[in-house]
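Have a look at input-v3.pdb; it's PDB, C-alpha atoms:
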```pdb
MODEL        1
ATOM      1  CA  MET A  24      99.552  23.522  35.358
ATOM      2  CA  ILE A  25      97.031  22.495  38.004
ATOM      3  CA  LEU A  26      94.270  24.329  36.151
ATOM      4  CA  TYR A  27      95.314  22.628  32.904
ATOM      5  CA  ILE A  28      95.189  19.160  34.460
ATOM      6  CA  ALA A  29      91.800  19.873  36.016
ATOM      7  CA  ALA A  30      90.415  21.119  32.701
ATOM      8  CA  LEU A  31      91.786  18.062  30.881
ATOM      9  CA  ALA A  32      90.193  15.739  33.449
ATOM     10  CA  LEU A  33      86.852  17.506  32.995
ATOM     11  CA  ILE A  34      87.050  17.122  29.213
ATOM     12  CA  LEU A  35      87.937  13.421  29.448
ATOM     13  CA  SER A  36      85.131  12.869  31.940
ATOM     14  CA  SER A  37      82.570  14.525  29.685
ATOM     15  CA  CYS A  38      83.749  12.382  26.777
ATOM     16  CA  ARG A  39      83.222   9.092  28.567
ATOM     17  CA  ARG A  40      80.989   7.053  26.340
ATOM     18  CA  GLU A  41      77.605   5.946  27.588
ATOM     19  CA  GLU A  42      76.828   2.507  26.223
ATOM     20  CA  TYR A  43      74.326  -0.266  26.836
ATOM     21  CA  ARG A  44      75.637  -2.931  29.169
ATOM     22  CA  THR A  45      74.180  -6.239  30.311
ATOM     23  CA  LEU A  46      74.239  -8.175  33.556
ATOM     24  CA  GLU A  47      73.098 -11.771  33.970
ATOM     25  CA  GLY A  48      73.193 -14.216  36.831
ATOM     26  CA  ALA A  49      71.264 -16.063  39.519
ATOM     27  CA  VAL A  50      69.619 -14.592  42.596
ATOM     28  CA  TRP A  51      66.734 -15.460  44.951
ATOM     29  CA  GLY A  52      66.380 -18.928  43.432
ATOM     30  CA  THR A  53      65.887 -17.615  39.905
ATOM     31  CA  VAL A  54      67.829 -15.818  37.165
ATOM     32  CA  TYR A  55      68.103 -12.173  36.180
ATOM     33  CA  HIS A  56      68.798 -10.210  33.012
ATOM     34  CA  ILE A  57      69.539  -6.493  33.195
ATOM     35  CA  THR A  58      70.296  -4.064  30.382
ATOM     36  CA  TYR A  59      71.196  -0.449  31.096
ATOM     37  CA  ARG A  60      72.921   2.526  29.500
ATOM     38  CA  ALA A  61      75.734   4.097  31.499
ATOM     39  CA  ASP A  62      79.292   5.323  31.200
ATOM     40  CA  ARG A  63      80.583   2.768  33.696
ATOM     41  CA  ASP A  64      79.953  -0.683  35.119
ATOM     42  CA  LEU A  65      77.162  -0.581  37.729
ATOM     43  CA  SER A  66      77.256  -4.257  38.688
ATOM     44  CA  ASP A  67      78.494  -3.526  42.227
ATOM     45  CA  SER A  68      75.477  -1.299  42.891
ATOM     46  CA  VAL A  69      73.122  -3.952  41.529
ATOM     47  CA  THR A  70      74.549  -6.867  43.520
ATOM     48  CA  ALA A  71      74.702  -4.805  46.709
ATOM     49  CA  MET A  72      71.008  -3.945  46.369
ATOM     50  CA  MET A  73      70.087  -7.560  45.655
ATOM     51  CA  ARG A  74      71.859  -8.615  48.831
ATOM     52  CA  ARG A  75      70.045  -5.952  50.853
ATOM     53  CA  VAL A  76      66.694  -7.247  49.616
ATOM     54  CA  GLU A  77      67.689 -10.828  50.444
ATOM     55  CA  LEU A  78      68.803  -9.911  53.961
ATOM     56  CA  SER A  79      65.446  -8.276  54.578
ATOM     57  CA  LEU A  80      62.829 -10.413  52.814
ATOM     58  CA  SER A  81      64.169 -13.872  51.981
ATOM     59  CA  MET A  82      62.518 -16.742  53.853
ATOM     60  CA  PHE A  83      65.400 -18.948  52.704
ATOM     61  CA  ASP A  84      68.055 -16.890  54.514
ATOM     62  CA  PRO A  85      67.878 -17.649  58.251
ATOM     63  CA  ALA A  86      69.571 -14.331  59.007
ATOM     64  CA  SER A  87      67.017 -12.212  57.129
ATOM     65  CA  THR A  88      64.699  -9.838  58.911
ATOM     66  CA  VAL A  89      61.585 -11.763  57.900
ATOM     67  CA  SER A  90      63.081 -15.072  59.090
ATOM     68  CA  ARG A  91      64.002 -13.602  62.454
ATOM     69  CA  ILE A  92      60.551 -12.025  62.868
ATOM     70  CA  ASN A  93      58.907 -15.329  61.927
ATOM     71  CA  ARG A  94      60.936 -17.124  64.600
ATOM     72  CA  GLY A  95      60.080 -14.471  67.185
ATOM     73  CA  GLU A  96      63.716 -13.455  67.663
ATOM     74  CA  THR A  97      62.903  -9.817  66.966
ATOM     75  CA  SER A  98      59.883  -7.628  66.360
ATOM     76  CA  GLU A  99      61.818  -4.771  64.766
ATOM     77  CA  ALA A 100      61.388  -4.334  61.032
ATOM     78  CA  ASP A 101      63.914  -2.738  58.707
ATOM     79  CA  SER A 102      62.871  -0.187  56.078
ATOM     80  CA  MET A 103      62.353  -2.771  53.325
ATOM     81  CA  PHE A 104      60.179  -4.996  55.501
ATOM     82  CA  ALA A 105      58.159  -1.925  56.473
ATOM     83  CA  ASP A 106      57.708  -0.937  52.805
ATOM     84  CA  VAL A 107      56.528  -4.391  51.780
ATOM     85  CA  TYR A 108      54.259  -4.730  54.808
ATOM     86  CA  ALA A 109      52.540  -1.410  53.960
ATOM     87  CA  LEU A 110      51.982  -2.359  50.308
ATOM     88  CA  SER A 111      50.790  -5.820  51.354
ATOM     89  CA  ALA A 112      48.208  -4.190  53.614
ATOM     90  CA  ARG A 113      46.993  -2.073  50.699
ATOM     91  CA  VAL A 114      46.646  -4.989  48.279
ATOM     92  CA  ASN A 115      45.048  -7.088  51.009
ATOM     93  CA  ARG A 116      42.300  -4.436  51.270
ATOM     94  CA  LEU A 117      41.964  -3.985  47.505
ATOM     95  CA  SER A 118      41.607  -7.717  46.914
ATOM     96  CA  GLY A 119      39.186  -8.403  49.734
ATOM     97  CA  GLY A 120      41.772 -10.548  51.505
ATOM     98  CA  PHE A 121      42.803 -12.715  48.547
ATOM     99  CA  PHE A 122      46.343 -11.359  48.829
ATOM    100  CA  ASP A 123      47.756 -12.182  52.244
ATOM    101  CA  PRO A 124      51.439 -12.599  53.189
ATOM    102  CA  THR A 125      50.618 -14.687  56.276
ATOM    103  CA  VAL A 126      49.916 -17.791  54.155
ATOM    104  CA  ALA A 127      53.335 -19.339  54.899
ATOM    105  CA  PRO A 128      51.956 -22.179  57.089
ATOM    106  CA  LEU A 129      49.379 -23.048  54.410
ATOM    107  CA  VAL A 130      52.026 -23.043  51.675
ATOM    108  CA  ASP A 131      54.044 -25.502  53.765
ATOM    109  CA  LEU A 132      50.960 -27.622  54.462
ATOM    110  CA  TRP A 133      50.267 -27.994  50.742
ATOM    111  CA  GLY A 134      53.873 -29.004  50.055
ATOM    112  CA  PHE A 135      54.943 -25.871  48.161
ATOM    113  CA  GLY A 136      56.992 -24.286  50.941
ATOM    114  CA  ARG A 137      60.500 -24.303  52.316
ATOM    115  CA  LYS A 138      60.195 -27.624  54.106
ATOM    116  CA  GLY A 139      59.091 -29.748  51.159
ATOM    117  CA  ARG A 140      57.559 -33.170  51.566
ATOM    118  CA  ASP A 141      55.899 -35.991  49.703
ATOM    119  CA  PHE A 142      52.628 -34.473  48.644
ATOM    120  CA  ALA A 143      49.275 -35.585  49.965
ATOM    121  CA  VAL A 144      46.131 -33.474  49.918
ATOM    122  CA  PRO A 145      45.840 -32.138  53.480
ATOM    123  CA  SER A 146      42.770 -32.993  55.486
ATOM    124  CA  GLN A 147      40.156 -30.357  56.189
ATOM    125  CA  ALA A 148      40.979 -30.691  59.881
ATOM    126  CA  ALA A 149      44.635 -29.881  59.188
ATOM    127  CA  ILE A 150      43.643 -26.870  57.066
ATOM    128  CA  ASP A 151      41.206 -25.630  59.709
ATOM    129  CA  SER A 152      43.895 -25.908  62.386
ATOM    130  CA  VAL A 153      46.345 -23.771  60.410
ATOM    131  CA  MET A 154      43.654 -21.266  59.428
ATOM    132  CA  THR A 155      43.282 -20.226  63.089
ATOM    133  CA  TYR A 156      46.497 -18.202  62.791
ATOM    134  CA  VAL A 157      46.466 -17.250  59.090
ATOM    135  CA  GLY A 158      45.184 -13.782  58.197
ATOM    136  CA  PHE A 159      46.633 -10.303  57.894
ATOM    137  CA  ALA A 160      44.337  -9.137  60.692
ATOM    138  CA  HIS A 161      46.514 -11.134  63.105
ATOM    139  CA  THR A 162      49.297  -8.584  62.515
ATOM    140  CA  ALA A 163      49.970  -4.872  62.899
ATOM    141  CA  MET A 164      52.834  -2.396  62.536
ATOM    142  CA  HIS A 165      53.476   0.313  65.112
ATOM    143  CA  GLY A 166      56.304   2.378  63.740
ATOM    144  CA  ARG A 167      58.942  -0.260  63.012
ATOM    145  CA  GLN A 168      57.551  -2.747  65.538
ATOM    146  CA  VAL A 169      55.761  -5.798  64.134
ATOM    147  CA  VAL A 170      52.921  -7.112  66.295
ATOM    148  CA  LYS A 171      51.550 -10.673  65.952
ATOM    149  CA  ASP A 172      48.631 -11.799  68.100
ATOM    150  CA  ASP A 173      49.804 -15.420  67.781
ATOM    151  CA  PRO A 174      53.480 -16.450  67.765
ATOM    152  CA  ARG A 175      52.734 -19.041  65.061
ATOM    153  CA  VAL A 176      51.938 -16.308  62.508
ATOM    154  CA  GLU A 177      54.567 -16.277  59.759
ATOM    155  CA  PHE A 178      55.101 -13.887  56.870
ATOM    156  CA  ASP A 179      55.741 -15.152  53.350
ATOM    157  CA  PHE A 180      56.449 -12.192  51.077
ATOM    158  CA  SER A 181      57.302 -14.399  48.080
ATOM    159  CA  ALA A 182      54.356 -13.003  46.121
ATOM    160  CA  ILE A 183      55.631  -9.428  46.391
ATOM    161  CA  ALA A 184      59.321  -9.541  47.355
ATOM    162  CA  LYS A 185      60.631 -10.318  43.882
ATOM    163  CA  GLY A 186      58.721  -7.426  42.356
ATOM    164  CA  TYR A 187      59.882  -5.170  45.175
ATOM    165  CA  GLY A 188      63.445  -6.315  44.572
ATOM    166  CA  VAL A 189      63.151  -5.449  40.873
ATOM    167  CA  ASP A 190      61.996  -1.950  41.866
ATOM    168  CA  ARG A 191      64.936  -1.522  44.226
ATOM    169  CA  VAL A 192      67.488  -2.658  41.635
ATOM    170  CA  ALA A 193      65.951  -0.175  39.194
ATOM    171  CA  GLU A 194      66.257   2.482  41.891
ATOM    172  CA  ALA A 195      69.949   1.623  42.314
ATOM    173  CA  LEU A 196      70.483   2.150  38.577
ATOM    174  CA  ARG A 197      68.664   5.495  38.659
ATOM    175  CA  ARG A 198      70.688   6.700  41.627
ATOM    176  CA  ALA A 199      73.857   5.838  39.685
ATOM    177  CA  GLY A 200      72.648   8.019  36.809
ATOM    178  CA  ALA A 201      71.071   5.483  34.433
ATOM    179  CA  THR A 202      67.846   6.588  32.756
ATOM    180  CA  ASP A 203      67.515   3.848  30.116
ATOM    181  CA  TYR A 204      67.292   0.329  31.554
ATOM    182  CA  MET A 205      65.388  -2.927  31.761
ATOM    183  CA  VAL A 206      65.533  -5.032  34.917
ATOM    184  CA  GLU A 207      64.121  -8.568  34.723
ATOM    185  CA  ILE A 208      64.318 -11.006  37.621
ATOM    186  CA  GLY A 209      62.462 -14.296  37.311
ATOM    187  CA  GLY A 210      60.063 -12.860  34.749
ATOM    188  CA  GLU A 211      59.191  -9.694  36.688
ATOM    189  CA  VAL A 212      60.224  -6.546  34.804
ATOM    190  CA  VAL A 213      60.759  -2.823  35.203
ATOM    191  CA  ALA A 214      61.612  -0.822  32.083
ATOM    192  CA  ALA A 215      62.525   2.859  31.799
ATOM    193  CA  GLY A 216      63.611   5.120  28.996
ATOM    194  CA  LEU A 217      64.527   3.533  25.663
ATOM    195  CA  ASN A 218      66.052   0.262  24.529
ATOM    196  CA  PRO A 219      69.299   0.031  22.501
ATOM    197  CA  ARG A 220      67.300   0.666  19.312
ATOM    198  CA  GLY A 221      65.926   3.911  20.687
ATOM    199  CA  LYS A 222      62.417   2.520  21.097
ATOM    200  CA  ASP A 223      60.182   1.373  23.937
ATOM    201  CA  TRP A 224      61.220  -1.875  25.561
ATOM    202  CA  ARG A 225      59.494  -4.958  24.128
ATOM    203  CA  ILE A 226      58.655  -7.607  26.719
ATOM    204  CA  ALA A 227      57.489 -11.094  25.758
ATOM    205  CA  LEU A 228      54.757 -12.731  27.846
ATOM    206  CA  ASP A 229      54.950 -16.504  28.252
ATOM    207  CA  ALA A 230      52.026 -18.648  27.200
ATOM    208  CA  PRO A 231      50.532 -20.583  30.145
ATOM    209  CA  LEU A 232      52.251 -23.839  29.204
ATOM    210  CA  PRO A 233      54.632 -26.037  31.231
ATOM    211  CA  THR A 234      57.541 -25.175  28.941
ATOM    212  CA  ALA A 235      60.779 -23.402  29.769
ATOM    213  CA  PRO A 236      60.466 -19.603  30.143
ATOM    214  CA  GLY A 237      60.684 -17.951  26.751
ATOM    215  CA  ASP A 238      59.895 -21.094  24.746
ATOM    216  CA  SER A 239      56.200 -20.287  24.208
ATOM    217  CA  ILE A 240      55.107 -16.668  23.776
ATOM    218  CA  PHE A 241      51.493 -15.530  23.547
ATOM    219  CA  ASP A 242      51.972 -11.752  23.436
ATOM    220  CA  VAL A 243      54.582  -8.986  23.321
ATOM    221  CA  ILE A 244      53.956  -5.717  25.130
ATOM    222  CA  GLN A 245      55.772  -2.402  25.019
ATOM    223  CA  LEU A 246      56.926  -0.769  28.253
ATOM    224  CA  ARG A 247      58.384   2.595  29.127
ATOM    225  CA  ASN A 248      58.558   3.708  32.769
ATOM    226  CA  GLN A 249      56.306   0.791  33.744
ATOM    227  CA  ALA A 250      56.499  -2.637  35.331
ATOM    228  CA  VAL A 251      54.980  -6.012  34.543
ATOM    229  CA  ALA A 252      54.592  -9.173  36.609
ATOM    230  CA  THR A 253      52.932 -12.519  35.935
ATOM    231  CA  SER A 254      51.629 -15.128  38.345
ATOM    232  CA  GLY A 255      50.627 -18.586  37.163
ATOM    233  CA  ASN A 256      50.023 -22.171  38.201
ATOM    234  CA  TYR A 257      51.081 -23.797  34.939
ATOM    235  CA  ARG A 258      54.617 -24.697  36.059
ATOM    236  CA  ASN A 259      54.374 -25.211  39.823
ATOM    237  CA  TYR A 260      51.533 -27.562  40.737
ATOM    238  CA  HIS A 261      50.635 -31.004  42.085
ATOM    239  CA  ASP A 262      49.058 -33.214  39.433
ATOM    240  CA  ILE A 263      47.192 -35.991  41.236
ATOM    241  CA  SER A 264      44.866 -36.905  38.368
ATOM    242  CA  PRO A 265      43.234 -35.128  35.406
ATOM    243  CA  ASP A 266      40.512 -33.961  37.792
ATOM    244  CA  SER A 267      42.815 -33.166  40.724
ATOM    245  CA  VAL A 268      45.415 -30.556  39.818
ATOM    246  CA  PHE A 269      46.437 -28.213  42.631
ATOM    247  CA  GLY A 270      48.298 -24.993  41.823
ATOM    248  CA  HIS A 271      50.837 -23.429  44.171
ATOM    249  CA  THR A 272      48.700 -20.321  44.746
ATOM    250  CA  ILE A 273      46.884 -20.771  48.062
ATOM    251  CA  ASN A 274      43.579 -19.087  48.893
ATOM    252  CA  PRO A 275      44.157 -17.392  52.269
ATOM    253  CA  LEU A 276      40.413 -17.157  52.903
ATOM    254  CA  ASP A 277      39.684 -20.891  52.909
ATOM    255  CA  GLY A 278      43.127 -22.506  52.893
ATOM    256  CA  GLN A 279      42.587 -24.329  49.599
ATOM    257  CA  ALA A 280      45.076 -24.593  46.741
ATOM    258  CA  ALA A 281      44.130 -23.095  43.391
ATOM    259  CA  ARG A 282      42.187 -25.425  41.094
ATOM    260  CA  ARG A 283      43.291 -23.620  37.923
ATOM    261  CA  MET A 284      40.281 -21.374  37.324
ATOM    262  CA  SER A 285      42.838 -18.966  35.886
ATOM    263  CA  LEU A 286      46.074 -20.210  34.340
ATOM    264  CA  SER A 287      47.923 -16.914  34.625
ATOM    265  CA  ALA A 288      47.467 -13.285  35.555
ATOM    266  CA  THR A 289      49.673 -10.550  34.140
ATOM    267  CA  VAL A 290      49.600  -7.053  35.607
ATOM    268  CA  ILE A 291      51.135  -3.900  34.155
ATOM    269  CA  ALA A 292      51.503  -1.206  36.808
ATOM    270  CA  PRO A 293      53.652   1.762  37.836
ATOM    271  CA  THR A 294      55.768  -0.419  40.159
ATOM    272  CA  CYS A 295      56.771  -4.059  40.000
ATOM    273  CA  ALA A 296      55.909  -4.679  43.654
ATOM    274  CA  LEU A 297      52.322  -3.592  43.013
ATOM    275  CA  ALA A 298      52.157  -5.623  39.798
ATOM    276  CA  ASP A 299      53.548  -8.695  41.577
ATOM    277  CA  ALA A 300      51.091  -8.537  44.474
ATOM    278  CA  LEU A 301      48.080  -7.828  42.258
ATOM    279  CA  ALA A 302      49.004 -10.701  39.914
ATOM    280  CA  THR A 303      48.929 -13.122  42.851
ATOM    281  CA  ALA A 304      45.574 -11.784  44.058
ATOM    282  CA  CYS A 305      44.152 -12.075  40.542
ATOM    283  CA  MET A 306      45.032 -15.777  40.433
ATOM    284  CA  MET A 307      42.539 -16.418  43.230
ATOM    285  CA  LEU A 308      39.862 -13.879  42.326
ATOM    286  CA  PRO A 309      37.146 -14.824  39.833
ATOM    287  CA  PRO A 310      38.239 -13.337  36.479
ATOM    288  CA  GLU A 311      35.502 -10.687  36.426
ATOM    289  CA  ARG A 312      36.515  -9.439  39.886
ATOM    290  CA  ALA A 313      40.171  -9.450  38.901
ATOM    291  CA  LEU A 314      39.469  -7.322  35.840
ATOM    292  CA  ALA A 315      37.389  -4.915  37.937
ATOM    293  CA  LEU A 316      40.538  -4.166  39.932
ATOM    294  CA  ALA A 317      42.109  -2.662  36.812
ATOM    295  CA  ASP A 318      39.165  -0.308  36.400
ATOM    296  CA  SER A 319      39.530   0.871  40.001
ATOM    297  CA  LEU A 320      43.281   1.593  39.873
ATOM    298  CA  PRO A 321      44.995   4.274  37.778
ATOM    299  CA  ASP A 322      47.618   3.110  35.282
ATOM    300  CA  VAL A 323      46.967  -0.584  35.914
ATOM    301  CA  ARG A 324      46.230  -3.137  33.184
ATOM    302  CA  ILE A 325      45.356  -6.757  33.911
ATOM    303  CA  ILE A 326      45.457  -9.722  31.508
ATOM    304  CA  ILE A 327      43.840 -12.980  32.642
ATOM    305  CA  VAL A 328      44.370 -16.266  30.835
ATOM    306  CA  SER A 329      41.652 -18.779  31.749
ATOM    307  CA  LEU A 330      41.075 -22.394  30.856
ATOM    308  CA  GLY A 331      37.879 -23.025  28.904
ATOM    309  CA  PRO A 332      36.293 -25.984  27.107
ATOM    310  CA  ASP A 333      38.085 -25.059  23.882
ATOM    311  CA  GLY A 334      41.452 -24.270  25.452
ATOM    312  CA  TRP A 335      42.698 -21.090  27.061
ATOM    313  CA  THR A 336      41.122 -17.698  26.520
ATOM    314  CA  THR A 337      42.410 -14.204  27.255
ATOM    315  CA  LEU A 338      40.520 -11.457  29.066
ATOM    316  CA  GLN A 339      41.925  -8.032  29.815
ATOM    317  CA  ALA A 340      41.091  -4.612  31.220
ATOM    318  CA  PRO A 341      41.165  -1.808  30.533
TER     319      PRO A 341
ENDMDL
END
```

Could you render the structure from this file as structure tokens?
Amino acid sequence: MILYIAALALILSSCRREEYRTLEGAVWGTVYHITYRADRDLSDSVTAMMRRVELSLSMFDPASTVSRINRGETSEADSMFADVYALSARVNRLSGGFFDPTVAPLVDLWGFGRKGRDFAVPSQAAIDSVMTYVGFAHTAMHGRQVVKDDPRVEFDFSAIAKGYGVDRVAEALRRAGATDYMVEIGGEVVAAGLNPRGKDWRIALDAPLPTAPGDSIFDVIQLRNQAVATSGNYRNYHDISPDSVFGHTINPLDGQAARRMSLSATVIAPTCALADALATACMMLPPERALALADSLPDVRIIIVSLGPDGWTTLQAP
């Protein structure tokens, strides 16, 4: 009888139907859409991973690791902070310093940060003062210990944390047995396996227009076992006059806000964290230097949308 029951349970288990399921909601100040194929609901695994990422990397959670390190309450990093710090160091080198997670004080100064304020273009003296403690070279990691040579140094991983979070949610799905899935959080995407139609995942790229996400599409790409991230200044900017438009991307080398040389940068890469960080760097790099990054990195494609005299133009490599 015991053997019969065990055999019956095994048969029923093997007959459990794998089907495509969807999850939608809000997290990290944005929204997410997840589609995956599995024989059970994996929402608990997804939400648990999202919370882990938030408790490590969110500047808006005062209890997070990054918040506590920024306030000088601890110097001990958790594993997620250590991962993101290491990748940030790599992209900082690759970009010649244009990607730098210590820009938090500059982001606040330009009115795009956590504190918020009535916007006024900061004086050069104010920028120069903040620049004395902005720069990745002011930091180091020894094991899990974070070293800052000035207590005013603050980390802002916003330009990489969302992509990293997408990767970790995808990892949670894989560990639960899913092989076909698409994870999208705030426009950053990881796709693996096949979509419900048995084909590669089709991902729409927004046109660089101040419309709601998804309302204006300029391209559709196909992804399988890849990630894509886009950075742009066409929705979050200060518009002082037609000649004075300041994007939210801040140049960590001179402390200036982007002046919309590039409207958007889209990066397709093996991981969403890498794509996210590179997309931010490409917003500050001259387009030709941004495209050269794609030629120097395996399995990386970069699409730059720039503003020209006749409207926006698209450049890409490879």

Next item on the list: Could you state which residues are captured by the PyMOL selection byres ((chain A and resi 103-114) around 10) in this file, as an NGL selection string?
Entry: :A and (75-76 or 78-80 or 88-89 or 99-102 or 115-124 or 159-160 or 162-164 or 166-169 or 178 or 180 or 182-184 or 187-188 or 191 or 296-297 or 300-301 or 304)

Next item on the list: Neighbourhood query: residues within 10 Å of (73.6, -4.2, 37.4), file coordinates, counting all atoms listed in the file; return as an NGL selection string.
Entry: :A and (44-47 or 55-59 or 64-73 or 192-193 or 195-196 or 204 or 206)

Item checked: Nearest-residue call for Ile327 in chain A, choices A:Leu314, A:Ala340, A:Ala49, A:Ala288, using only C-alpha atoms -> A:Ala288

Using the chain letters and residue numbers of this document, give as a short mmCIF file (atom, residue, chain, number, x, y, z; two decimals) with C-alpha atoms, keeping the file's coordinate frame the residues selected by the PyMOL selection byres ((chain A and resi 250) around 7).
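Result file follows (part-v9.cif):
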```cif
data_model
loop_
_atom_site.label_atom_id
_atom_site.label_comp_id
_atom_site.auth_asym_id
_atom_site.auth_seq_id
_atom_site.Cartn_x
_atom_site.Cartn_y
_atom_site.Cartn_z
CA VAL A 212 60.22 -6.55 34.80
CA VAL A 213 60.76 -2.82 35.20
CA ALA A 214 61.61 -0.82 32.08
CA GLN A 249 56.31 0.79 33.74
CA VAL A 251 54.98 -6.01 34.54
CA ALA A 252 54.59 -9.17 36.61
CA ILE A 291 51.14 -3.90 34.16
CA ALA A 292 51.50 -1.21 36.81
CA PRO A 293 53.65 1.76 37.84
CA THR A 294 55.77 -0.42 40.16
CA CYS A 295 56.77 -4.06 40.00
CA ALA A 298 52.16 -5.62 39.80
#
```

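Minimum atom-to-atom distances from A:Ile325, A:Ile226, A:Leu217, A:Ala280 to Asn248 in chain A were compared using all atoms listed in the file, and the lowest value belongs to A:Leu217.
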
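Checking A:Thr336, A:Thr202, A:Ser87, A:Thr303 one by one against Ile273 in chain A, counting only C-alpha atoms, you find the shortest gap at A:Thr303.
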
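Nearest to Gly200 in chain A of all the residues A:Gly52, A:Glu41, A:Ile244, A:Ser152 is A:Glu41, counting all atoms listed in the file.
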
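Running the PyMOL selection byres ((chain A and resi 254) around 8) on this file leaves Ala252, Thr253, Gly255, Asn256, Ser287, Ala288, Thr289, Asp299, Ala302, Thr303 and Met306 of chain A selected.
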
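Residues with any atom within 10 Å of Pro310 in chain A, counting only C-alpha atoms and excluding same-chain neighbours fewer than 2 positions away, are Met284, Ser285, Ala288, Cys305, Met306, Met307, Leu308, Arg312, Ala313, Leu314, Ala315, Ile326, Ile327, Val328, Ser329, Leu338 and Gln339 of chain A.
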
Enclose range 191-208 of chain A, meaning all of its atoms listed in the file, in a box aligned along x, y and z, pad it by 8 Å on each side, and list the centre and edge lengths in Å to one decimal, as AutoDock Vina command-line options.
```
--center_x 69.0 --center_y -1.5 --center_z 37.2 --size_x 25.7 --size_y 35.0 --size_z 30.1
```

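Atom to atom, CA of Ala215 in chain A and CA of Tyr43 in chain A stand 13.2 Å apart.
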
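Taking CA of Val290 in chain A as the reference point, CA of Leu320 in chain A is found at 11.5 Å.
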
Next item on the list: Please provide the set of residues having any atom within 10 Å of range 90-97 of chain A, restricted to all atoms listed in the file, with same-chain residues fewer than 4 positions apart removed, written as JSON, numbers by chain.
Entry: {"A": [78, 79, 80, 81, 82, 83, 84, 85, 86, 127, 168, 169, 170, 171, 174, 175, 176, 177, 178, 179]}

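Between CA of Pro332 in chain A and CA of Leu228 in chain A lies a distance of 22.7 Å.
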
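Of the listed residues A:Glu311, A:Ala199, A:Gly216, A:Gly278, the one whose atoms come nearest to Arg63 in chain A is A:Ala199, with distances taken using only C-alpha atoms.
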
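Taking only C-alpha atoms into account, the protein, DNA and RNA residues within 8 Å of (43.9, -17.9, 22.0) read A:Gly334, A:Trp335, A:Thr336, A:Thr337.
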
Kindly output range 180-193 of chain A as an mmCIF file, in the coordinates of the input, after building N, CA and C atoms.
```cif
data_model
loop_
_atom_site.group_PDB
_atom_site.id
_atom_site.type_symbol
_atom_site.label_atom_id
_atom_site.label_comp_id
_atom_site.auth_asym_id
_atom_site.auth_seq_id
_atom_site.Cartn_x
_atom_site.Cartn_y
_atom_site.Cartn_z
ATOM 1 N N PHE A 180 56.562 -13.294 52.026
ATOM 2 C CA PHE A 180 56.449 -12.192 51.077
ATOM 3 C C PHE A 180 56.845 -12.611 49.657
ATOM 4 N N SER A 181 56.857 -13.923 49.393
ATOM 5 C CA SER A 181 57.302 -14.399 48.080
ATOM 6 C C SER A 181 56.490 -13.812 46.933
ATOM 7 N N ALA A 182 55.228 -13.500 47.184
ATOM 8 C CA ALA A 182 54.356 -13.003 46.121
ATOM 9 C C ALA A 182 54.502 -11.511 45.874
ATOM 10 N N ILE A 183 55.418 -10.857 46.583
ATOM 11 C CA ILE A 183 55.631 -9.428 46.391
ATOM 12 C C ILE A 183 57.112 -9.063 46.450
ATOM 13 N N ALA A 184 57.917 -9.894 47.111
ATOM 14 C CA ALA A 184 59.321 -9.541 47.355
ATOM 15 C C ALA A 184 60.135 -9.454 46.072
ATOM 16 N N LYS A 185 59.859 -10.361 45.127
ATOM 17 C CA LYS A 185 60.631 -10.318 43.882
ATOM 18 C C LYS A 185 60.343 -9.044 43.113
ATOM 19 N N GLY A 186 59.063 -8.679 43.015
ATOM 20 C CA GLY A 186 58.721 -7.426 42.356
ATOM 21 C C GLY A 186 59.326 -6.229 43.064
ATOM 22 N N TYR A 187 59.277 -6.253 44.399
ATOM 23 C CA TYR A 187 59.882 -5.170 45.175
ATOM 24 C C TYR A 187 61.385 -5.114 44.920
ATOM 25 N N GLY A 188 62.016 -6.284 44.847
ATOM 26 C CA GLY A 188 63.445 -6.315 44.572
ATOM 27 C C GLY A 188 63.783 -5.737 43.212
ATOM 28 N N VAL A 189 62.951 -6.031 42.206
ATOM 29 C CA VAL A 189 63.151 -5.449 40.873
ATOM 30 C C VAL A 189 63.085 -3.920 40.952
ATOM 31 N N ASP A 190 62.106 -3.404 41.691
ATOM 32 C CA ASP A 190 61.996 -1.950 41.866
ATOM 33 C C ASP A 190 63.250 -1.365 42.507
ATOM 34 N N ARG A 191 63.773 -2.054 43.514
ATOM 35 C CA ARG A 191 64.936 -1.522 44.226
ATOM 36 C C ARG A 191 66.200 -1.580 43.374
ATOM 37 N N VAL A 192 66.353 -2.615 42.559
ATOM 38 C CA VAL A 192 67.488 -2.658 41.635
ATOM 39 C C VAL A 192 67.377 -1.525 40.623
ATOM 40 N N ALA A 193 66.156 -1.298 40.116
ATOM 41 C CA ALA A 193 65.951 -0.175 39.194
ATOM 42 C C ALA A 193 66.293 1.150 39.872
#
```
